[in-house]
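The next block is entry_12.txt, given as compact mmCIF, C-alpha atoms.
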```
# COMPACT_ATOMS: atom_id res chain seq x y z
CA MET A 1306 0.00 0.00 0.00
CA ASP A 1307 1.41 3.36 -1.07
CA LYS A 1308 0.84 5.90 1.69
CA ARG A 1309 2.44 8.79 -0.18
CA ILE A 1310 0.12 11.73 -0.71
CA ARG A 1311 0.22 14.70 -3.01
CA LEU A 1312 0.43 17.94 -1.11
CA THR A 1313 -2.58 20.11 -1.81
CA PRO A 1314 -2.53 23.70 -0.58
CA GLU A 1315 -4.84 22.67 2.26
CA ILE A 1316 -2.60 19.80 3.35
CA LEU A 1317 0.50 22.00 3.13
CA ASP A 1318 -1.16 24.67 5.28
CA TYR A 1319 -2.02 22.02 7.86
CA VAL A 1320 1.52 20.62 7.84
CA LEU A 1321 2.99 24.07 8.35
CA SER A 1322 0.53 24.85 11.14
CA CYS A 1323 1.71 21.75 12.99
CA SER A 1324 5.37 22.75 12.81
CA GLU A 1325 7.22 25.12 15.14
CA GLN A 1326 6.37 28.71 14.30
CA PRO A 1327 8.98 31.49 13.84
CA VAL A 1328 10.36 33.12 16.96
CA PRO A 1329 10.30 36.96 16.92
CA VAL A 1330 13.78 37.43 15.40
CA GLN A 1331 12.97 34.90 12.69
CA GLN A 1332 9.69 36.63 11.90
CA TRP A 1333 11.53 39.96 11.68
CA LEU A 1334 14.01 38.43 9.25
CA ILE A 1335 11.22 36.87 7.18
CA ASP A 1336 9.39 40.20 6.96
CA THR A 1337 12.54 42.19 6.22
CA THR A 1338 13.59 39.79 3.49
CA THR A 1339 10.11 39.66 1.96
CA ALA A 1340 10.21 43.44 1.65
CA LEU A 1341 13.19 43.11 -0.69
CA GLY A 1342 10.90 41.86 -3.47
CA GLN A 1343 11.52 38.99 -5.86
CA VAL A 1344 15.03 38.34 -4.55
CA ALA A 1345 13.40 37.15 -1.32
CA GLU A 1346 12.83 33.80 -3.02
CA MET A 1347 16.45 32.99 -2.12
CA GLN A 1348 15.51 32.73 1.56
CA ILE A 1349 14.94 29.19 2.80
CA ALA A 1350 11.44 28.23 3.86
CA HIS A 1351 10.74 28.35 7.58
CA GLU A 1352 9.99 24.61 7.74
CA GLN A 1353 13.52 24.06 6.43
CA ALA A 1354 14.85 26.31 9.18
CA VAL A 1355 13.08 24.21 11.81
CA LEU A 1356 14.64 21.06 10.35
CA PHE A 1357 18.09 22.69 10.30
CA THR A 1358 17.82 23.56 13.98
CA LEU A 1359 16.79 20.00 14.76
CA LEU A 1360 19.63 18.52 12.70
CA ALA A 1361 22.25 20.80 14.24
CA ALA A 1362 21.04 19.89 17.72
CA ALA A 1363 20.69 16.16 17.09
CA SER A 1364 24.11 15.89 15.46
CA LYS A 1365 25.74 18.16 18.08
CA ALA A 1366 27.48 19.93 15.20
CA ARG A 1367 30.23 22.23 16.44
CA ARG A 1368 31.66 23.21 13.08
CA ILE A 1369 29.29 24.19 10.30
CA VAL A 1370 30.17 25.48 6.83
CA GLU A 1371 27.50 27.19 4.75
CA VAL A 1372 27.81 28.24 1.10
CA GLY A 1373 25.30 30.99 0.44
CA THR A 1374 24.41 33.46 3.21
CA PHE A 1375 21.84 35.87 1.73
CA THR A 1376 20.05 37.55 4.69
CA GLY A 1377 21.26 34.98 7.19
CA TYR A 1378 18.14 32.90 7.86
CA SER A 1379 19.74 29.48 7.47
CA ALA A 1380 22.80 30.43 9.54
CA LEU A 1381 20.46 31.67 12.25
CA ALA A 1382 18.57 28.36 12.16
CA PHE A 1383 21.74 26.31 12.52
CA ALA A 1384 23.02 28.55 15.33
CA ARG A 1385 19.80 27.99 17.28
CA GLY A 1386 20.54 24.27 17.43
CA MET A 1387 24.29 24.04 17.83
CA PRO A 1388 26.24 23.92 21.11
CA ALA A 1389 27.38 27.17 22.72
CA ASP A 1390 30.96 26.53 21.64
CA GLY A 1391 30.00 25.92 18.00
CA THR A 1392 30.98 28.09 15.02
CA ILE A 1393 29.51 28.69 11.59
CA ASP A 1394 31.57 29.84 8.60
CA THR A 1395 29.22 31.21 5.97
CA TYR A 1396 30.28 32.27 2.47
CA ASP A 1397 28.67 34.65 0.00
CA ILE A 1398 29.80 36.39 -3.17
CA THR A 1399 28.36 39.74 -2.00
CA ASP A 1400 27.94 41.70 1.21
CA ARG A 1401 24.77 43.36 -0.12
CA TRP A 1402 22.59 41.79 2.58
CA SER A 1403 25.21 41.38 5.29
CA SER A 1404 23.91 44.16 7.52
CA THR A 1405 20.49 42.50 7.69
CA ALA A 1406 22.04 39.13 8.50
CA ARG A 1407 24.32 40.57 11.19
CA ARG A 1408 21.44 42.43 12.82
CA ALA A 1409 19.41 39.22 13.09
CA TRP A 1410 22.39 37.23 14.41
CA GLN A 1411 23.17 39.93 16.93
CA GLU A 1412 19.59 40.21 18.14
CA ALA A 1413 19.44 36.43 18.58
CA GLY A 1414 22.71 36.43 20.52
CA PHE A 1415 24.64 34.39 17.97
CA ALA A 1416 26.83 37.01 16.28
CA GLY A 1417 29.93 35.68 18.01
CA ARG A 1418 29.38 32.20 16.61
CA ILE A 1419 28.92 33.16 12.94
CA ARG A 1420 31.81 34.27 10.72
CA GLN A 1421 30.89 35.63 7.33
CA HIS A 1422 33.32 35.45 4.40
CA ILE A 1423 32.80 37.54 1.26
CA GLY A 1424 34.20 36.47 -2.09
CA PRO A 1425 34.20 33.53 -4.52
CA ALA A 1426 33.37 30.51 -2.38
CA ALA A 1427 35.36 28.13 -4.59
CA GLU A 1428 38.53 30.07 -3.78
CA LEU A 1429 37.78 30.69 -0.10
CA LEU A 1430 36.82 27.10 0.65
CA ASP A 1431 40.28 26.00 -0.46
CA LEU A 1432 41.65 27.91 2.55
CA LEU A 1433 39.88 25.55 4.96
CA PRO A 1434 41.99 22.81 6.57
CA PRO A 1435 42.05 19.83 4.17
CA GLU A 1436 41.50 17.27 6.92
CA PRO A 1437 38.00 16.32 8.17
CA THR A 1438 37.00 18.95 10.74
CA VAL A 1439 33.51 19.99 9.58
CA ASP A 1440 30.42 18.44 11.16
CA LEU A 1441 27.74 19.85 8.88
CA VAL A 1442 27.68 21.54 5.46
CA PHE A 1443 24.86 23.47 3.81
CA ILE A 1444 25.03 24.28 0.08
CA ASP A 1445 22.64 26.94 -1.21
CA ALA A 1446 24.47 29.12 -3.71
CA ASP A 1447 25.07 29.19 -7.49
CA LYS A 1448 23.64 25.99 -8.86
CA VAL A 1449 26.26 25.36 -11.54
CA SER A 1450 28.90 25.10 -8.79
CA TYR A 1451 27.08 22.58 -6.57
CA ILE A 1452 29.19 19.62 -7.70
CA GLY A 1453 32.36 21.64 -7.19
CA TYR A 1454 31.34 22.69 -3.68
CA TRP A 1455 30.40 19.07 -2.90
CA GLU A 1456 33.82 17.83 -3.97
CA GLN A 1457 35.62 20.57 -2.07
CA LEU A 1458 33.72 20.02 1.15
CA LEU A 1459 33.00 16.30 1.40
CA PRO A 1460 36.66 15.40 2.18
CA ARG A 1461 36.55 18.02 4.95
CA VAL A 1462 33.47 16.50 6.61
CA VAL A 1463 33.94 14.12 9.54
CA ASP A 1464 32.64 10.55 9.41
CA ASN A 1465 28.86 10.55 9.91
CA GLY A 1466 28.81 14.31 9.32
CA LEU A 1467 26.00 15.83 7.24
CA ILE A 1468 25.89 17.60 3.90
CA ILE A 1469 22.65 19.36 3.03
CA ALA A 1470 21.82 20.85 -0.37
CA ASP A 1471 18.86 23.09 -1.17
CA ASN A 1472 16.80 23.60 -4.36
CA VAL A 1473 17.40 20.06 -5.58
CA LEU A 1474 14.02 20.04 -7.36
CA TYR A 1475 14.45 23.55 -8.78
CA ALA A 1476 10.73 24.25 -8.95
CA GLY A 1477 10.27 20.77 -10.45
CA GLU A 1478 12.37 21.60 -13.53
CA ALA A 1479 15.20 19.30 -12.44
CA THR A 1480 12.95 16.27 -12.95
CA SER A 1481 12.95 16.75 -16.72
CA VAL A 1482 15.49 15.06 -18.99
CA HIS A 1483 15.23 18.23 -21.06
CA ALA A 1484 16.23 20.50 -18.18
CA GLU A 1485 18.34 23.52 -19.11
CA GLY A 1486 20.51 26.06 -17.31
CA ASN A 1487 20.37 25.90 -13.53
CA ALA A 1488 17.85 23.06 -13.62
CA ALA A 1489 20.23 20.98 -15.72
CA ALA A 1490 23.06 21.76 -13.28
CA ILE A 1491 20.90 20.63 -10.37
CA ARG A 1492 19.90 17.46 -12.22
CA ALA A 1493 23.59 16.69 -12.78
CA PHE A 1494 24.30 17.35 -9.11
CA ASN A 1495 21.51 15.01 -8.04
CA ALA A 1496 22.95 12.24 -10.23
CA HIS A 1497 26.41 12.95 -8.82
CA VAL A 1498 25.18 12.54 -5.24
CA GLN A 1499 23.20 9.40 -6.09
CA ALA A 1500 26.32 7.79 -7.57
CA ASP A 1501 28.65 8.83 -4.74
CA ASP A 1502 29.43 5.75 -2.63
CA ARG A 1503 31.00 7.94 0.06
CA VAL A 1504 27.58 9.01 1.32
CA GLN A 1505 24.12 7.81 2.23
CA ALA A 1506 21.62 10.31 0.89
CA VAL A 1507 17.91 11.04 0.80
CA MET A 1508 16.03 13.68 -1.16
CA LEU A 1509 13.05 15.24 0.58
CA PRO A 1510 10.23 17.12 -1.22
CA LEU A 1511 10.52 19.89 1.35
CA ALA A 1512 10.04 23.41 0.00
CA ASP A 1513 12.09 23.43 -3.26
CA GLY A 1514 13.65 20.04 -2.53
CA LEU A 1515 16.29 19.22 0.04
CA THR A 1516 18.99 16.55 -0.05
CA ILE A 1517 20.48 15.34 3.22
CA ALA A 1518 23.56 13.14 3.02
CA ARG A 1519 25.64 11.39 5.67
CA LYS A 1520 29.33 10.86 5.06
CA LEU A 1521 30.00 7.18 5.49
CA PRO A 1522 32.98 5.94 7.50
CA ALA A 1523 35.67 4.17 5.46
CA GLY A 1524 34.75 0.54 4.90
CA TYR A 1525 31.07 1.06 5.67
CA GLY A 1526 28.91 -1.48 3.83
CA ARG A 1527 26.34 0.57 1.98
```
Translate the structure of the given file into structure tokens.
Amino acid sequence: MDKRIRLTPEILDYVLSCSEQPVPVQQWLIDTTTALGQVAEMQIAHEQAVLFTLLAAASKARRIVEVGTFTGYSALAFARGMPADGTIDTYDITDRWSSTARRAWQEAGFAGRIRQHIGPAAELLDLLPPEPTVDLVFIDADKVSYIGYWEQLLPRVVDNGLIIADNVLYAGEATSVHAEGNAAAIRAFNAHVQADDRVQAVMLPLADGLTIARKLPAGYGR
């Protein structure tokens, strides 16, 4: 018996109503980002933020690397779940929205845990220690570089550490064999992850699609 259901707007509203609601600083950041207009679509959905807080807490992640900062909502979500001695390094190509992100982090009391780096992530990530020291990675930046970020960061993730990637459905366009542009890049990334025997991965139809992967210890029987 197939218990999968198709999410109607009514079912989605019910699901969201049964999830943890935004705390005041999160609601401020949602409202402030929404006011930016169409670019606000780059902000993660709140249900994703709740999951990120849960994952950071459950995994006791002390070192998080995030590619793609925007207005800081995902970094804030991770910070809410990580231990007090944890740190987040977040990378973005522009500081256009940094003041908004810093204000939210400061108001939430996490500014000291989050270090923002501005510049090409592919270059800056190479400055990280090459050995496995990262507990959790979140990729949510330029789609054509997802495979590159994956390959840069996976060797730096500890055994059983997590790698999360957003927009893996790309509004459903990535499901098409005729996908083009960013959708084609995401489709290639999805195939790359599926074929990678270094990880155990699952794709969730959450918001615009979310992949969560666990780095397998050497010799693990998949």
message = Could you check the closest approach to A:Trp1333 for each of A:Ala1413, A:Ile1444, A:Val1370, A:Leu1360 and tell me which residue wins, using all atoms listed in the file?
response =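 Closest to A:Trp1333, using all atoms listed in the file: A:Ala1413.
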remark   = Pairwise distance, atom CA of A:Leu1509 with atom CA of A:Leu1356, equals 11.5 Å
task = May I have the protein, DNA and RNA residues with an atom at most 8 Å from (28.2, 23.7, 20.7), counting only C-alpha atoms in the file's coordinates, returned as a PyMOL selection string?
result = chain A and resi 1365-1367+1387-1392
note = Using only C-alpha atoms, the best pick from A:Gln1499, A:Gln1505, A:Gln1353, A:Ser1481 as closest to A:Leu1321 would be A:Gln1353
task = Determine, counting only C-alpha atoms, every residue of protein, DNA or RNA that lies within 12 Å of (34.9, 35.8, -4.6) in the file coordinates, then give the result as a PyMOL selection string.
result = chain A and resi 1372-1373+1396-1400+1422-1431
Pairwise distance for atom CA of A:Leu1467 and atom CA of A:Leu1359, rounded to one decimal in Å =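 Rounded to one decimal, the two atoms are 12.6 Å apart.
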task = Using atom CA of A:Ala1382 and atom CA of A:Phe1357 as the two end points, give the distance in Å to one decimal.
result = 6.0 Å
inquiry  = What's around A:Gly1377 at 9 Å? Count all atoms listed in the file, leave out sequence neighbours fewer than 4 positions away in its own chain, and write the answer as an NGL selection string.
reply    = :A and (1334 or 1348 or 1373 or 1381-1382 or 1395 or 1402-1403 or 1405-1407 or 1409-1410)
message = Need to verify the contact set: A:Ala1350, 9 Å, all atoms listed in the file, exclusion of same-chain residues closer than 6 positions in sequence. Can you return it as a count of residues only?
response = 3
task = Choose the residue, out of A:Asp1447, A:Asp1336, A:Asp1307, A:Asp1440, that has the smallest atom-to-atom separation from A:Ala1361; count all atoms listed in the file.
result =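 Comparing A:Asp1447, A:Asp1336, A:Asp1307, A:Asp1440 against A:Ala1361, the winner is A:Asp1440.
With only C-alpha atoms as the atoms that count, the minimum distance from A:Val1344 to the choices A:Arg1461, A:Phe1375, A:Thr1516, A:Thr1358 is reached by A:Phe1375.
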A:Ala1345: which residues within 10 Å, counting only C-alpha atoms, same-chain residues fewer than 3 positions away excluded, as an mmCIF file with C-alpha atoms, in the coordinates of the input?
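What landed in selection08.cif:
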```cif
data_model
loop_
_atom_site.group_PDB
_atom_site.id
_atom_site.type_symbol
_atom_site.label_atom_id
_atom_site.label_comp_id
_atom_site.auth_asym_id
_atom_site.auth_seq_id
_atom_site.Cartn_x
_atom_site.Cartn_y
_atom_site.Cartn_z
ATOM 1 C CA ILE A 1335 11.220 36.870 7.180
ATOM 2 C CA ASP A 1336 9.390 40.200 6.960
ATOM 3 C CA THR A 1337 12.540 42.190 6.220
ATOM 4 C CA THR A 1338 13.590 39.790 3.490
ATOM 5 C CA THR A 1339 10.110 39.660 1.960
ATOM 6 C CA ALA A 1340 10.210 43.440 1.650
ATOM 7 C CA LEU A 1341 13.190 43.110 -0.690
ATOM 8 C CA GLY A 1342 10.900 41.860 -3.470
ATOM 9 C CA GLN A 1348 15.510 32.730 1.560
ATOM 10 C CA ILE A 1349 14.940 29.190 2.800
ATOM 11 C CA PHE A 1375 21.840 35.870 1.730
ATOM 12 C CA THR A 1376 20.050 37.550 4.690
#
```
Generate N, CA and C atoms for stretch 1317-1339 of chain A and emit them as a JSON list (two decimals), in the frame of the given file.
```
[["chain", "number", "residue", "atom", "x", "y", "z"],
["A", 1317, "LEU", "N", -0.73, 21.27, 2.82],
["A", 1317, "LEU", "CA", 0.50, 22.00, 3.13],
["A", 1317, "LEU", "C", 0.26, 22.99, 4.26],
["A", 1318, "ASP", "N", -0.85, 23.72, 4.21],
["A", 1318, "ASP", "CA", -1.16, 24.67, 5.28],
["A", 1318, "ASP", "C", -1.27, 23.96, 6.63],
["A", 1319, "TYR", "N", -1.88, 22.79, 6.62],
["A", 1319, "TYR", "CA", -2.02, 22.02, 7.86],
["A", 1319, "TYR", "C", -0.66, 21.56, 8.36],
["A", 1320, "VAL", "N", 0.17, 21.06, 7.46],
["A", 1320, "VAL", "CA", 1.52, 20.62, 7.84],
["A", 1320, "VAL", "C", 2.30, 21.77, 8.47],
["A", 1321, "LEU", "N", 2.25, 22.92, 7.84],
["A", 1321, "LEU", "CA", 2.99, 24.07, 8.35],
["A", 1321, "LEU", "C", 2.44, 24.53, 9.70],
["A", 1322, "SER", "N", 1.14, 24.42, 9.88],
["A", 1322, "SER", "CA", 0.53, 24.85, 11.14],
["A", 1322, "SER", "C", 0.93, 23.95, 12.29],
["A", 1323, "CYS", "N", 1.32, 22.71, 11.96],
["A", 1323, "CYS", "CA", 1.71, 21.75, 12.99],
["A", 1323, "CYS", "C", 3.21, 21.77, 13.28],
["A", 1324, "SER", "N", 3.93, 22.61, 12.59],
["A", 1324, "SER", "CA", 5.37, 22.75, 12.81],
["A", 1324, "SER", "C", 5.65, 23.96, 13.71],
["A", 1325, "GLU", "N", 6.84, 23.99, 14.28],
["A", 1325, "GLU", "CA", 7.22, 25.12, 15.14],
["A", 1325, "GLU", "C", 7.14, 26.43, 14.36],
["A", 1326, "GLN", "N", 6.54, 27.43, 14.96],
["A", 1326, "GLN", "CA", 6.37, 28.71, 14.30],
["A", 1326, "GLN", "C", 7.60, 29.61, 14.53],
["A", 1327, "PRO", "N", 7.80, 30.63, 13.70],
["A", 1327, "PRO", "CA", 8.98, 31.49, 13.84],
["A", 1327, "PRO", "C", 9.00, 32.22, 15.19],
["A", 1328, "VAL", "N", 10.18, 32.28, 15.78],
["A", 1328, "VAL", "CA", 10.36, 33.12, 16.96],
["A", 1328, "VAL", "C", 10.46, 34.56, 16.47],
["A", 1329, "PRO", "N", 10.35, 35.56, 17.36],
["A", 1329, "PRO", "CA", 10.30, 36.96, 16.92],
["A", 1329, "PRO", "C", 11.44, 37.38, 15.98],
["A", 1330, "VAL", "N", 12.68, 37.00, 16.27],
["A", 1330, "VAL", "CA", 13.78, 37.43, 15.40],
["A", 1330, "VAL", "C", 13.67, 36.78, 14.03],
["A", 1331, "GLN", "N", 13.18, 35.54, 13.99],
["A", 1331, "GLN", "CA", 12.97, 34.90, 12.69],
["A", 1331, "GLN", "C", 11.87, 35.59, 11.91],
["A", 1332, "GLN", "N", 10.78, 35.95, 12.59],
["A", 1332, "GLN", "CA", 9.69, 36.63, 11.90],
["A", 1332, "GLN", "C", 10.15, 37.98, 11.38],
["A", 1333, "TRP", "N", 10.98, 38.68, 12.16],
["A", 1333, "TRP", "CA", 11.53, 39.96, 11.68],
["A", 1333, "TRP", "C", 12.35, 39.74, 10.42],
["A", 1334, "LEU", "N", 13.16, 38.70, 10.41],
["A", 1334, "LEU", "CA", 14.01, 38.43, 9.25],
["A", 1334, "LEU", "C", 13.18, 38.01, 8.04],
["A", 1335, "ILE", "N", 12.12, 37.23, 8.26],
["A", 1335, "ILE", "CA", 11.22, 36.87, 7.18],
["A", 1335, "ILE", "C", 10.58, 38.12, 6.58],
["A", 1336, "ASP", "N", 10.07, 38.99, 7.44],
["A", 1336, "ASP", "CA", 9.39, 40.20, 6.96],
["A", 1336, "ASP", "C", 10.36, 41.14, 6.25],
["A", 1337, "THR", "N", 11.54, 41.31, 6.81],
["A", 1337, "THR", "CA", 12.54, 42.19, 6.22],
["A", 1337, "THR", "C", 13.00, 41.68, 4.86],
["A", 1338, "THR", "N", 13.17, 40.38, 4.76],
["A", 1338, "THR", "CA", 13.59, 39.79, 3.49],
["A", 1338, "THR", "C", 12.48, 39.86, 2.46],
["A", 1339, "THR", "N", 11.25, 39.59, 2.87],
["A", 1339, "THR", "CA", 10.11, 39.66, 1.96],
["A", 1339, "THR", "C", 9.99, 41.04, 1.34]]
```
